[in-house]
Amino acid sequence: MKVRLLVLGESPPGLAESVARSLPWPFTGGSVESGGALVEHCYDRHRAQVDASRLVTLLEPPPPGWTALGVTGHDLFMPPLAYVFGVSELAGRRGVVSWARLRPEVEEPLPSPHLLQRLTVEAVHELGHTVGLIHCVVPDCAMHRSLFAEAVDLKLPEYCPACTDMLRASLGG
Amino acid sequence: MTHSVRILVVDDEQHVRSSLAAWFREDGYDVTVAGSGREALQALARDGADILLVDIKMPGMDGLELQRKARELAPDATVIIMTAYASVETAVEALKDGAYDYVVKPFDPEAVSRLVRKAAERYTLMRENRALRERLESAAPVMITAGTGAMGEVLELVEQVAPTDTSVLITGESGTGKEQLARLIHTKSNRRFGAFAVVNCGALAEGVLESELFGHERGAFTGAVARHRGKIELANEGTLFLDEIGDVPAKVQVDLLRVLQERIVTRVGGNTPVQVDFRLVTATHRDLEAEVTAERFRDDFYFRINVFRIQLPPLRERPDDVPLLAQHFLAHYARQMNRRIDGFSEDALGALCAYPWPGNVRELQNAIERAVVVCRGSQIEAGHFPFAAGPREEDLTLERVEESHVRRMLAASGFNVTRAARLLGIDRVTLYNKMKKYGITKP
């Protein structure tokens, strides 16, 4: 499964490329592209946040064998939820992930290794949803639900054996 | 995460519904949505729900009214109210009216996830609790038998067939304990942790029997206000016991035969096939072979259910079991009625063993229950049984009448001689003399 990573808005140089290089099986190969001004269509000035579900629907549906993931530094919300790290269409091969709430408390120059690790984990998480995986009870599996940034640190940027089996079954590999 | 917990999200704002549905689906919940109170009630009647996330402010029926109406359709469902800061007071009103909790929009994802997880755990615990209670209630009281003669053979057959998935046909006179035997087979089987679903086919009209067996969809017939799962579905992974199978109408026999062959059931008025996995045990007091010959019972259905047959002997052919069963029922009813009754007098036991019990175990059970009700002493006497009332009083000698009356008063006073003497209108010495004369001793 190839991944089209779309950079939505401003991004530290090399961040998306580093994420792309760290993705586990079955996400091998693909491209890193600019997503243009898509976020501007979903920006809520009153909240100073981007409507995540709307943003996902604006991503161009990927061709067969591909999945698309928007990567952004804008803070995402999904009414009525005050914020989300990312959103995907379950098995719909479109998703978006934000690093706005993943930045470590101690400021480091971007992209810091810590932020890169968190963003990669959440990218792997959202990509899992795009191909049909739901949340997993295994604490260090990327598909475990994280509700705050520190919880992301407990996870690895890979799938547990059970989720891998499910992926294998659903992708026929 | 896989849950079988069903969430119904009710909000008039489409993006709220779709966002929450997506959010909870990622957790593996089964989510449906409704845009109004009316739609929510329709969805509840159609699909049911375990957790309701209800927006308190909706045009038309508001969240409070919906909560009250939903309770009639899904009394066990947990209601979580969604509210804006401005309507927190109304949310508190909802809590007083039975809502589980409320969340204020916009939600903190952590808070709403934790709340729904807690509600789901509560629901799962309630469901497990109910299942355990039902299982306890339906747990097989062991067959009370001395295990001699014909009953010994029956128990041996049960041991052989119980661990298999073979269909069992239990035959025997009414009241011999066919359902008890079916429960025994279930509890000794590998399906003992599944449900034991019972349908008395002889007690139901054809339409009701179909609905009871196969279930029905909402609107399948007048009065079908909600989807109903039939006993066949409920028996999934367990045992389906069809009592009085000889009374099943021909049309239902055909439908049952199809279910037995394909292991698929379709609810009345529906077209969605549901896979079922159950073990079938049937029972009848009828001579099914004669019914087949008379063409009142389908032969193909008969062959399907009569794979392993167990014939339960009538109680008159198992005299060793009568005292054991009598003692079992006595303990049961004495405890139930909070009576201190120690056992049976020799006469009472003799009467029990001499009686032919045409109504079998059920008649014995009823006789003991009645005896416990009328017994005023610490022992059941023969006179407490209607069948052992003995000769009419006008045929008795004065001595026999006196002895019987003295015994009755002693029993009624709990063998307190002073009190019995007062009841009889004689002094204690006279009573002692009469007890000596009639050989009455304190039990």
# chains A, B, ... in the order shown; residues from 1 in each chain; ligands from 1
>>> residues_around(residues="Val225 of chain B", least_positions_apart="6", cutoff="10 Å", atoms="only C-alpha atoms", output="MDAnalysis selection string")
chainID B and resid 42 45:46 73 216:219
>>> residues_around(residues="Leu52 of chain B", least_positions_apart="4", cutoff="7 Å", atoms="only C-alpha atoms", output="PyMOL selection string")
chain B and resi 7-9+77-80
>>> interface_residues(of="chain B", to="chain A", cutoff="9 Å", atoms="only C-alpha atoms", output="JSON, numbers by chain")
{"B": [1, 2, 15, 16, 17, 18, 19, 20, 22, 23, 25, 26, 27, 28, 105, 106, 107, 108, 109, 110, 112, 113]}
>>> residues_around(residues="Gln311 of chain B", least_positions_apart="4", cutoff="6 Å", atoms="only C-alpha atoms", output="list in words")
Ile170, Thr171 and Gly172 of chain B
>>> write_last_selection(atoms="N, CA, C and O atoms", output="short mmCIF file (atom, residue, chain, number, x, y, z; two decimals), in the first residue's frame")
data_model
loop_
_atom_site.label_atom_id
_atom_site.label_comp_id
_atom_site.auth_asym_id
_atom_site.auth_seq_id
_atom_site.Cartn_x
_atom_site.Cartn_y
_atom_site.Cartn_z
N ILE B 170 -36.91 -36.96 24.42
CA ILE B 170 -37.26 -37.54 25.72
C ILE B 170 -38.74 -37.85 25.70
O ILE B 170 -39.57 -36.98 25.42
N THR B 171 -39.08 -39.10 25.97
CA THR B 171 -40.49 -39.48 26.02
C THR B 171 -40.83 -39.95 27.42
O THR B 171 -39.97 -40.38 28.17
N GLY B 172 -42.10 -39.86 27.73
CA GLY B 172 -42.53 -40.28 29.06
C GLY B 172 -43.86 -39.64 29.39
O GLY B 172 -44.25 -38.65 28.78
#
>>> atom_distance(atom1="atom CA of Glu17 of chain A", atom2="atom CA of Thr67 of chain A")
15.9 Å
>>> select_by_dssp(residues="segment 234-384 of chain B", states="alpha helix (DSSP H)", output="number ranges by chain")
B: 234, 250-262, 288-293, 299-305, 321-336, 346-354, 360-374
>>> residues_around(residues="Ala34 of chain B", least_positions_apart="2", cutoff="7 Å", atoms="only C-alpha atoms", output="number ranges by chain")
B: 9-11, 36, 39-40
>>> write_last_selection(atoms="N, CA and C atoms", output="short mmCIF file (atom, residue, chain, number, x, y, z; two decimals), in the first residue's frame")
data_model
loop_
_atom_site.label_atom_id
_atom_site.label_comp_id
_atom_site.auth_asym_id
_atom_site.auth_seq_id
_atom_site.Cartn_x
_atom_site.Cartn_y
_atom_site.Cartn_z
N VAL B 9 -26.57 7.69 18.78
CA VAL B 9 -26.27 9.12 18.91
C VAL B 9 -27.47 9.91 18.39
N VAL B 10 -28.04 10.76 19.24
CA VAL B 10 -29.23 11.53 18.83
C VAL B 10 -28.90 13.02 18.91
N ASP B 11 -28.82 13.67 17.77
CA ASP B 11 -28.52 15.11 17.74
C ASP B 11 -29.10 15.66 16.43
N SER B 36 -33.52 13.19 15.30
CA SER B 36 -34.60 13.75 16.12
C SER B 36 -35.05 12.69 17.13
N GLU B 39 -37.04 9.99 15.32
CA GLU B 39 -36.17 9.03 14.62
C GLU B 39 -35.48 8.10 15.62
N ALA B 40 -35.11 8.67 16.78
CA ALA B 40 -34.41 7.88 17.79
C ALA B 40 -35.31 6.76 18.31
#
>>> atom_distance(atom1="atom CA of Pro319 of chain B", atom2="atom CA of Ala283 of chain B")
23.1 Å
>>> closest_residue(among="A:Gly92, A:Pro62, A:Gly9, A:Pro24", to="His41 of chain A", atoms="only C-alpha atoms")
A:Gly9
>>> residues_around(residues="segment 151-156 of chain B", least_positions_apart="4", cutoff="10 Å", atoms="only C-alpha atoms", output="list in words")
Met143, Thr145, Ala146, Gly147, Gln160, Val161, Leu181, Leu184, Ile185, Ile310, Gln311, Leu312, Pro313, Pro314, Leu315, Glu317, Arg318, Asp320 and Asp321 of chain B
>>> atom_distance(atom1="atom CA of Cys375 of chain B", atom2="atom CA of Arg428 of chain B")
23.3 Å
>>> residues_around(residues="Glu105 of chain A", least_positions_apart="5", cutoff="12 Å", atoms="only C-alpha atoms", output="list of chain:residue names")
A:Ala100, A:Ser112, A:His114, A:Leu115, A:Ala149, A:Glu150
>>> closest_residue(among="B:Pro386, B:Gly238, B:Gly175, B:Gly269", to="Val281 of chain B", atoms="only C-alpha atoms")
B:Gly238
>>> residues_around(residues="Leu364 of chain B", least_positions_apart="3", cutoff="9 Å", atoms="only C-alpha atoms", output="MDAnalysis selection string")
chainID B and resid 322 325:326 329 352 357 359:361 367:369
>>> write_last_selection(atoms="C-alpha atoms", output="PDB file, in the first residue's frame")
ATOM      1  CA  VAL B 322     -40.474 -41.663  45.983  1.00  0.00           C
ATOM      2  CA  LEU B 325     -38.160 -36.960  45.935  1.00  0.00           C
ATOM      3  CA  ALA B 326     -40.584 -36.443  48.826  1.00  0.00           C
ATOM      4  CA  PHE B 329     -39.646 -31.340  47.939  1.00  0.00           C
ATOM      5  CA  LEU B 352     -46.453 -42.090  49.739  1.00  0.00           C
ATOM      6  CA  TRP B 357     -48.874 -41.518  41.393  1.00  0.00           C
ATOM      7  CA  GLY B 359     -49.588 -37.644  37.809  1.00  0.00           C
ATOM      8  CA  ASN B 360     -45.999 -38.730  38.446  1.00  0.00           C
ATOM      9  CA  VAL B 361     -43.366 -36.417  40.003  1.00  0.00           C
ATOM     10  CA  ALA B 367     -48.951 -33.278  47.297  1.00  0.00           C
ATOM     11  CA  ILE B 368     -45.887 -32.347  49.369  1.00  0.00           C
ATOM     12  CA  GLU B 369     -46.498 -28.641  48.865  1.00  0.00           C
TER      13      GLU B 369
END
>>> closest_residue(among="A:Asp75, A:Glu60, A:Asp140, A:Asp165", to="Ala48 of chain A", atoms="only C-alpha atoms")
A:Asp75
>>> select_by_dssp(residues="segment 43-154 of chain A", states="strand (DSSP E)", output="list of chain:residue names")
A:Tyr43, A:Asp44, A:Gln49, A:Val50, A:Asp51, A:Trp66, A:Thr67, A:Ala68, A:Leu69, A:Gly70, A:Val71, A:Thr72, A:Leu76, A:Phe77, A:Met78, A:Leu81, A:Ala82, A:Tyr83, A:Val84, A:Gly86, A:Val87, A:Ser88, A:Arg94, A:Gly95, A:Val96, A:Val97, A:Ser98
>>> write_last_selection(atoms="N, CA, C and O atoms", output="mmCIF file, in the first residue's frame")
data_model
loop_
_atom_site.group_PDB
_atom_site.id
_atom_site.type_symbol
_atom_site.label_atom_id
_atom_site.label_comp_id
_atom_site.auth_asym_id
_atom_site.auth_seq_id
_atom_site.Cartn_x
_atom_site.Cartn_y
_atom_site.Cartn_z
ATOM 1 N N TYR A 43 -10.843 26.339 7.912
ATOM 2 C CA TYR A 43 -10.346 27.052 9.089
ATOM 3 C C TYR A 43 -11.489 27.801 9.778
ATOM 4 O O TYR A 43 -12.246 28.522 9.127
ATOM 5 N N ASP A 44 -11.660 27.576 11.072
ATOM 6 C CA ASP A 44 -12.695 28.250 11.854
ATOM 7 C C ASP A 44 -12.011 29.375 12.636
ATOM 8 O O ASP A 44 -11.311 29.114 13.619
ATOM 9 N N GLN A 49 -9.137 26.962 14.867
ATOM 10 C CA GLN A 49 -8.872 25.533 14.648
ATOM 11 C C GLN A 49 -9.372 25.146 13.250
ATOM 12 O O GLN A 49 -10.168 25.881 12.652
ATOM 13 N N VAL A 50 -8.924 23.978 12.804
ATOM 14 C CA VAL A 50 -9.363 23.476 11.495
ATOM 15 C C VAL A 50 -10.345 22.324 11.706
ATOM 16 O O VAL A 50 -10.098 21.430 12.538
ATOM 17 N N ASP A 51 -11.473 22.368 10.971
ATOM 18 C CA ASP A 51 -12.493 21.310 11.062
ATOM 19 C C ASP A 51 -11.941 20.049 10.373
ATOM 20 O O ASP A 51 -11.849 19.979 9.147
ATOM 21 N N TRP A 66 -3.371 2.928 -3.082
ATOM 22 C CA TRP A 66 -2.821 4.087 -2.377
ATOM 23 C C TRP A 66 -3.745 4.477 -1.241
ATOM 24 O O TRP A 66 -4.935 4.204 -1.262
ATOM 25 N N THR A 67 -3.176 5.186 -0.257
ATOM 26 C CA THR A 67 -3.981 5.822 0.772
ATOM 27 C C THR A 67 -3.411 7.223 0.986
ATOM 28 O O THR A 67 -2.202 7.440 0.814
ATOM 29 N N ALA A 68 -4.323 8.180 1.316
ATOM 30 C CA ALA A 68 -3.868 9.571 1.430
ATOM 31 C C ALA A 68 -3.924 10.025 2.879
ATOM 32 O O ALA A 68 -4.901 9.766 3.575
ATOM 33 N N LEU A 69 -2.862 10.724 3.319
ATOM 34 C CA LEU A 69 -2.848 11.233 4.687
ATOM 35 C C LEU A 69 -2.344 12.670 4.685
ATOM 36 O O LEU A 69 -1.217 12.938 4.273
ATOM 37 N N GLY A 70 -3.213 13.577 5.143
ATOM 38 C CA GLY A 70 -2.804 14.958 5.287
ATOM 39 C C GLY A 70 -2.017 15.133 6.583
ATOM 40 O O GLY A 70 -2.367 14.551 7.598
ATOM 41 N N VAL A 71 -0.947 15.949 6.524
ATOM 42 C CA VAL A 71 -0.138 16.212 7.724
ATOM 43 C C VAL A 71 -0.124 17.722 7.914
ATOM 44 O O VAL A 71 0.201 18.466 6.980
ATOM 45 N N THR A 72 -0.517 18.167 9.129
ATOM 46 C CA THR A 72 -0.632 19.607 9.331
ATOM 47 C C THR A 72 -0.185 20.031 10.733
ATOM 48 O O THR A 72 -0.222 19.226 11.673
ATOM 49 N N LEU A 76 -6.595 20.662 15.194
ATOM 50 C CA LEU A 76 -7.805 20.110 14.573
ATOM 51 C C LEU A 76 -8.929 19.984 15.599
ATOM 52 O O LEU A 76 -8.689 19.669 16.762
ATOM 53 N N PHE A 77 -10.163 20.209 15.166
ATOM 54 C CA PHE A 77 -11.322 19.896 16.005
ATOM 55 C C PHE A 77 -12.323 19.138 15.145
ATOM 56 O O PHE A 77 -12.233 19.118 13.913
ATOM 57 N N MET A 78 -13.246 18.491 15.847
ATOM 58 C CA MET A 78 -14.273 17.722 15.132
ATOM 59 C C MET A 78 -15.542 17.842 15.977
ATOM 60 O O MET A 78 -15.692 17.120 16.958
ATOM 61 N N LEU A 81 -16.314 17.487 19.494
ATOM 62 C CA LEU A 81 -15.077 17.261 20.238
ATOM 63 C C LEU A 81 -14.197 18.505 20.141
ATOM 64 O O LEU A 81 -14.019 19.070 19.059
ATOM 65 N N ALA A 82 -13.650 18.917 21.276
ATOM 66 C CA ALA A 82 -12.901 20.172 21.344
ATOM 67 C C ALA A 82 -11.618 20.105 20.511
ATOM 68 O O ALA A 82 -11.174 21.112 19.969
ATOM 69 N N TYR A 83 -11.015 18.932 20.438
ATOM 70 C CA TYR A 83 -9.802 18.775 19.632
ATOM 71 C C TYR A 83 -9.601 17.310 19.293
ATOM 72 O O TYR A 83 -10.164 16.433 19.975
ATOM 73 N N VAL A 84 -8.865 17.043 18.254
ATOM 74 C CA VAL A 84 -8.460 15.660 17.924
ATOM 75 C C VAL A 84 -7.026 15.712 17.390
ATOM 76 O O VAL A 84 -6.598 16.745 16.873
ATOM 77 N N GLY A 86 -6.062 13.517 15.129
ATOM 78 C CA GLY A 86 -6.215 13.145 13.730
ATOM 79 C C GLY A 86 -7.587 12.558 13.488
ATOM 80 O O GLY A 86 -8.302 12.229 14.432
ATOM 81 N N VAL A 87 -7.940 12.428 12.233
ATOM 82 C CA VAL A 87 -9.237 11.864 11.853
ATOM 83 C C VAL A 87 -9.047 11.093 10.555
ATOM 84 O O VAL A 87 -8.240 11.502 9.704
ATOM 85 N N SER A 88 -9.777 9.995 10.428
ATOM 86 C CA SER A 88 -9.703 9.233 9.170
ATOM 87 C C SER A 88 -11.072 8.714 8.809
ATOM 88 O O SER A 88 -11.935 8.575 9.666
ATOM 89 N N ARG A 94 -8.572 7.784 3.428
ATOM 90 C CA ARG A 94 -8.265 9.211 3.543
ATOM 91 C C ARG A 94 -8.226 9.577 5.024
ATOM 92 O O ARG A 94 -9.106 9.158 5.782
ATOM 93 N N GLY A 95 -7.216 10.349 5.405
ATOM 94 C CA GLY A 95 -7.129 10.752 6.807
ATOM 95 C C GLY A 95 -6.265 11.986 6.950
ATOM 96 O O GLY A 95 -5.657 12.474 5.979
ATOM 97 N N VAL A 96 -6.236 12.519 8.172
ATOM 98 C CA VAL A 96 -5.419 13.693 8.427
ATOM 99 C C VAL A 96 -4.869 13.595 9.852
ATOM 100 O O VAL A 96 -5.532 13.042 10.737
ATOM 101 N N VAL A 97 -3.648 14.074 10.043
ATOM 102 C CA VAL A 97 -3.036 14.040 11.375
ATOM 103 C C VAL A 97 -2.363 15.391 11.624
ATOM 104 O O VAL A 97 -1.857 16.019 10.692
ATOM 105 N N SER A 98 -2.428 15.827 12.908
ATOM 106 C CA SER A 98 -1.852 17.136 13.244
ATOM 107 C C SER A 98 -0.785 16.988 14.321
ATOM 108 O O SER A 98 -0.912 16.161 15.225
#
>>> decode(residues="segment 330-355 of chain B", atoms="N, CA, C and O atoms", output="PDB file, in the first residue's frame")
ATOM      1  N   LEU B 330     -39.986 -31.653  50.323  1.00  0.00           N
ATOM      2  CA  LEU B 330     -40.305 -31.186  51.680  1.00  0.00           C
ATOM      3  C   LEU B 330     -39.300 -30.103  52.101  1.00  0.00           C
ATOM      4  O   LEU B 330     -39.688 -29.040  52.594  1.00  0.00           O
ATOM      5  N   ALA B 331     -38.015 -30.393  51.886  1.00  0.00           N
ATOM      6  CA  ALA B 331     -36.980 -29.413  52.273  1.00  0.00           C
ATOM      7  C   ALA B 331     -37.198 -28.107  51.504  1.00  0.00           C
ATOM      8  O   ALA B 331     -37.095 -27.011  52.074  1.00  0.00           O
ATOM      9  N   HIS B 332     -37.522 -28.237  50.214  1.00  0.00           N
ATOM     10  CA  HIS B 332     -37.713 -27.058  49.367  1.00  0.00           C
ATOM     11  C   HIS B 332     -38.877 -26.199  49.871  1.00  0.00           C
ATOM     12  O   HIS B 332     -38.738 -24.990  50.084  1.00  0.00           O
ATOM     13  N   TYR B 333     -40.037 -26.839  50.094  1.00  0.00           N
ATOM     14  CA  TYR B 333     -41.219 -26.047  50.474  1.00  0.00           C
ATOM     15  C   TYR B 333     -41.142 -25.573  51.919  1.00  0.00           C
ATOM     16  O   TYR B 333     -41.654 -24.501  52.246  1.00  0.00           O
ATOM     17  N   ALA B 334     -40.537 -26.378  52.783  1.00  0.00           N
ATOM     18  CA  ALA B 334     -40.404 -25.936  54.179  1.00  0.00           C
ATOM     19  C   ALA B 334     -39.549 -24.672  54.229  1.00  0.00           C
ATOM     20  O   ALA B 334     -39.858 -23.722  54.943  1.00  0.00           O
ATOM     21  N   ARG B 335     -38.499 -24.657  53.417  1.00  0.00           N
ATOM     22  CA  ARG B 335     -37.623 -23.476  53.381  1.00  0.00           C
ATOM     23  C   ARG B 335     -38.385 -22.290  52.776  1.00  0.00           C
ATOM     24  O   ARG B 335     -38.342 -21.186  53.308  1.00  0.00           O
ATOM     25  N   GLN B 336     -39.108 -22.594  51.693  1.00  0.00           N
ATOM     26  CA  GLN B 336     -39.844 -21.521  51.011  1.00  0.00           C
ATOM     27  C   GLN B 336     -40.915 -20.909  51.917  1.00  0.00           C
ATOM     28  O   GLN B 336     -41.128 -19.707  51.921  1.00  0.00           O
ATOM     29  N   MET B 337     -41.583 -21.752  52.703  1.00  0.00           N
ATOM     30  CA  MET B 337     -42.678 -21.239  53.553  1.00  0.00           C
ATOM     31  C   MET B 337     -42.196 -20.964  54.967  1.00  0.00           C
ATOM     32  O   MET B 337     -43.008 -20.660  55.851  1.00  0.00           O
ATOM     33  N   ASN B 338     -40.887 -21.106  55.173  1.00  0.00           N
ATOM     34  CA  ASN B 338     -40.282 -20.847  56.486  1.00  0.00           C
ATOM     35  C   ASN B 338     -40.945 -21.682  57.583  1.00  0.00           C
ATOM     36  O   ASN B 338     -41.378 -21.163  58.608  1.00  0.00           O
ATOM     37  N   ARG B 339     -41.077 -22.983  57.339  1.00  0.00           N
ATOM     38  CA  ARG B 339     -41.693 -23.896  58.313  1.00  0.00           C
ATOM     39  C   ARG B 339     -40.647 -24.863  58.814  1.00  0.00           C
ATOM     40  O   ARG B 339     -39.754 -25.287  58.068  1.00  0.00           O
ATOM     41  N   ARG B 340     -40.770 -25.211  60.094  1.00  0.00           N
ATOM     42  CA  ARG B 340     -39.822 -26.163  60.670  1.00  0.00           C
ATOM     43  C   ARG B 340     -40.474 -27.549  60.671  1.00  0.00           C
ATOM     44  O   ARG B 340     -41.184 -27.902  61.602  1.00  0.00           O
ATOM     45  N   ILE B 341     -40.264 -28.266  59.592  1.00  0.00           N
ATOM     46  CA  ILE B 341     -40.826 -29.621  59.489  1.00  0.00           C
ATOM     47  C   ILE B 341     -39.668 -30.575  59.242  1.00  0.00           C
ATOM     48  O   ILE B 341     -38.906 -30.418  58.283  1.00  0.00           O
ATOM     49  N   ASP B 342     -39.539 -31.542  60.133  1.00  0.00           N
ATOM     50  CA  ASP B 342     -38.334 -32.387  60.095  1.00  0.00           C
ATOM     51  C   ASP B 342     -38.410 -33.522  59.077  1.00  0.00           C
ATOM     52  O   ASP B 342     -37.403 -33.952  58.546  1.00  0.00           O
ATOM     53  N   GLY B 343     -39.616 -34.061  58.877  1.00  0.00           N
ATOM     54  CA  GLY B 343     -39.691 -35.195  57.957  1.00  0.00           C
ATOM     55  C   GLY B 343     -41.092 -35.768  57.922  1.00  0.00           C
ATOM     56  O   GLY B 343     -42.068 -35.066  58.184  1.00  0.00           O
ATOM     57  N   PHE B 344     -41.137 -37.048  57.582  1.00  0.00           N
ATOM     58  CA  PHE B 344     -42.424 -37.727  57.427  1.00  0.00           C
ATOM     59  C   PHE B 344     -42.593 -38.771  58.535  1.00  0.00           C
ATOM     60  O   PHE B 344     -41.612 -39.416  58.941  1.00  0.00           O
ATOM     61  N   SER B 345     -43.830 -38.950  58.953  1.00  0.00           N
ATOM     62  CA  SER B 345     -44.080 -40.054  59.885  1.00  0.00           C
ATOM     63  C   SER B 345     -44.015 -41.351  59.076  1.00  0.00           C
ATOM     64  O   SER B 345     -44.071 -41.323  57.841  1.00  0.00           O
ATOM     65  N   GLU B 346     -43.936 -42.471  59.781  1.00  0.00           N
ATOM     66  CA  GLU B 346     -43.867 -43.759  59.072  1.00  0.00           C
ATOM     67  C   GLU B 346     -45.123 -43.983  58.232  1.00  0.00           C
ATOM     68  O   GLU B 346     -45.055 -44.463  57.106  1.00  0.00           O
ATOM     69  N   ASP B 347     -46.267 -43.590  58.824  1.00  0.00           N
ATOM     70  CA  ASP B 347     -47.534 -43.741  58.084  1.00  0.00           C
ATOM     71  C   ASP B 347     -47.503 -42.922  56.799  1.00  0.00           C
ATOM     72  O   ASP B 347     -47.955 -43.369  55.749  1.00  0.00           O
ATOM     73  N   ALA B 348     -46.982 -41.701  56.941  1.00  0.00           N
ATOM     74  CA  ALA B 348     -46.942 -40.812  55.772  1.00  0.00           C
ATOM     75  C   ALA B 348     -46.050 -41.409  54.685  1.00  0.00           C
ATOM     76  O   ALA B 348     -46.430 -41.440  53.503  1.00  0.00           O
ATOM     77  N   LEU B 349     -44.897 -41.918  55.090  1.00  0.00           N
ATOM     78  CA  LEU B 349     -43.993 -42.517  54.098  1.00  0.00           C
ATOM     79  C   LEU B 349     -44.631 -43.741  53.453  1.00  0.00           C
ATOM     80  O   LEU B 349     -44.541 -43.953  52.238  1.00  0.00           O
ATOM     81  N   GLY B 350     -45.312 -44.520  54.296  1.00  0.00           N
ATOM     82  CA  GLY B 350     -45.996 -45.706  53.779  1.00  0.00           C
ATOM     83  C   GLY B 350     -47.045 -45.319  52.752  1.00  0.00           C
ATOM     84  O   GLY B 350     -47.159 -45.940  51.689  1.00  0.00           O
ATOM     85  N   ALA B 351     -47.790 -44.250  53.079  1.00  0.00           N
ATOM     86  CA  ALA B 351     -48.846 -43.797  52.159  1.00  0.00           C
ATOM     87  C   ALA B 351     -48.237 -43.308  50.850  1.00  0.00           C
ATOM     88  O   ALA B 351     -48.758 -43.598  49.765  1.00  0.00           O
ATOM     89  N   LEU B 352     -47.124 -42.605  50.950  1.00  0.00           N
ATOM     90  CA  LEU B 352     -46.453 -42.090  49.739  1.00  0.00           C
ATOM     91  C   LEU B 352     -46.005 -43.241  48.845  1.00  0.00           C
ATOM     92  O   LEU B 352     -46.135 -43.186  47.625  1.00  0.00           O
ATOM     93  N   CYS B 353     -45.443 -44.278  49.482  1.00  0.00           N
ATOM     94  CA  CYS B 353     -44.896 -45.383  48.687  1.00  0.00           C
ATOM     95  C   CYS B 353     -46.001 -46.272  48.117  1.00  0.00           C
ATOM     96  O   CYS B 353     -45.805 -46.917  47.084  1.00  0.00           O
ATOM     97  N   ALA B 354     -47.163 -46.294  48.797  1.00  0.00           N
ATOM     98  CA  ALA B 354     -48.240 -47.177  48.332  1.00  0.00           C
ATOM     99  C   ALA B 354     -49.048 -46.549  47.194  1.00  0.00           C
ATOM    100  O   ALA B 354     -49.659 -47.257  46.402  1.00  0.00           O
ATOM    101  N   TYR B 355     -49.013 -45.249  47.115  1.00  0.00           N
ATOM    102  CA  TYR B 355     -49.847 -44.548  46.121  1.00  0.00           C
ATOM    103  C   TYR B 355     -49.252 -44.710  44.709  1.00  0.00           C
ATOM    104  O   TYR B 355     -48.030 -44.660  44.538  1.00  0.00           O
TER     105      TYR B 355
END
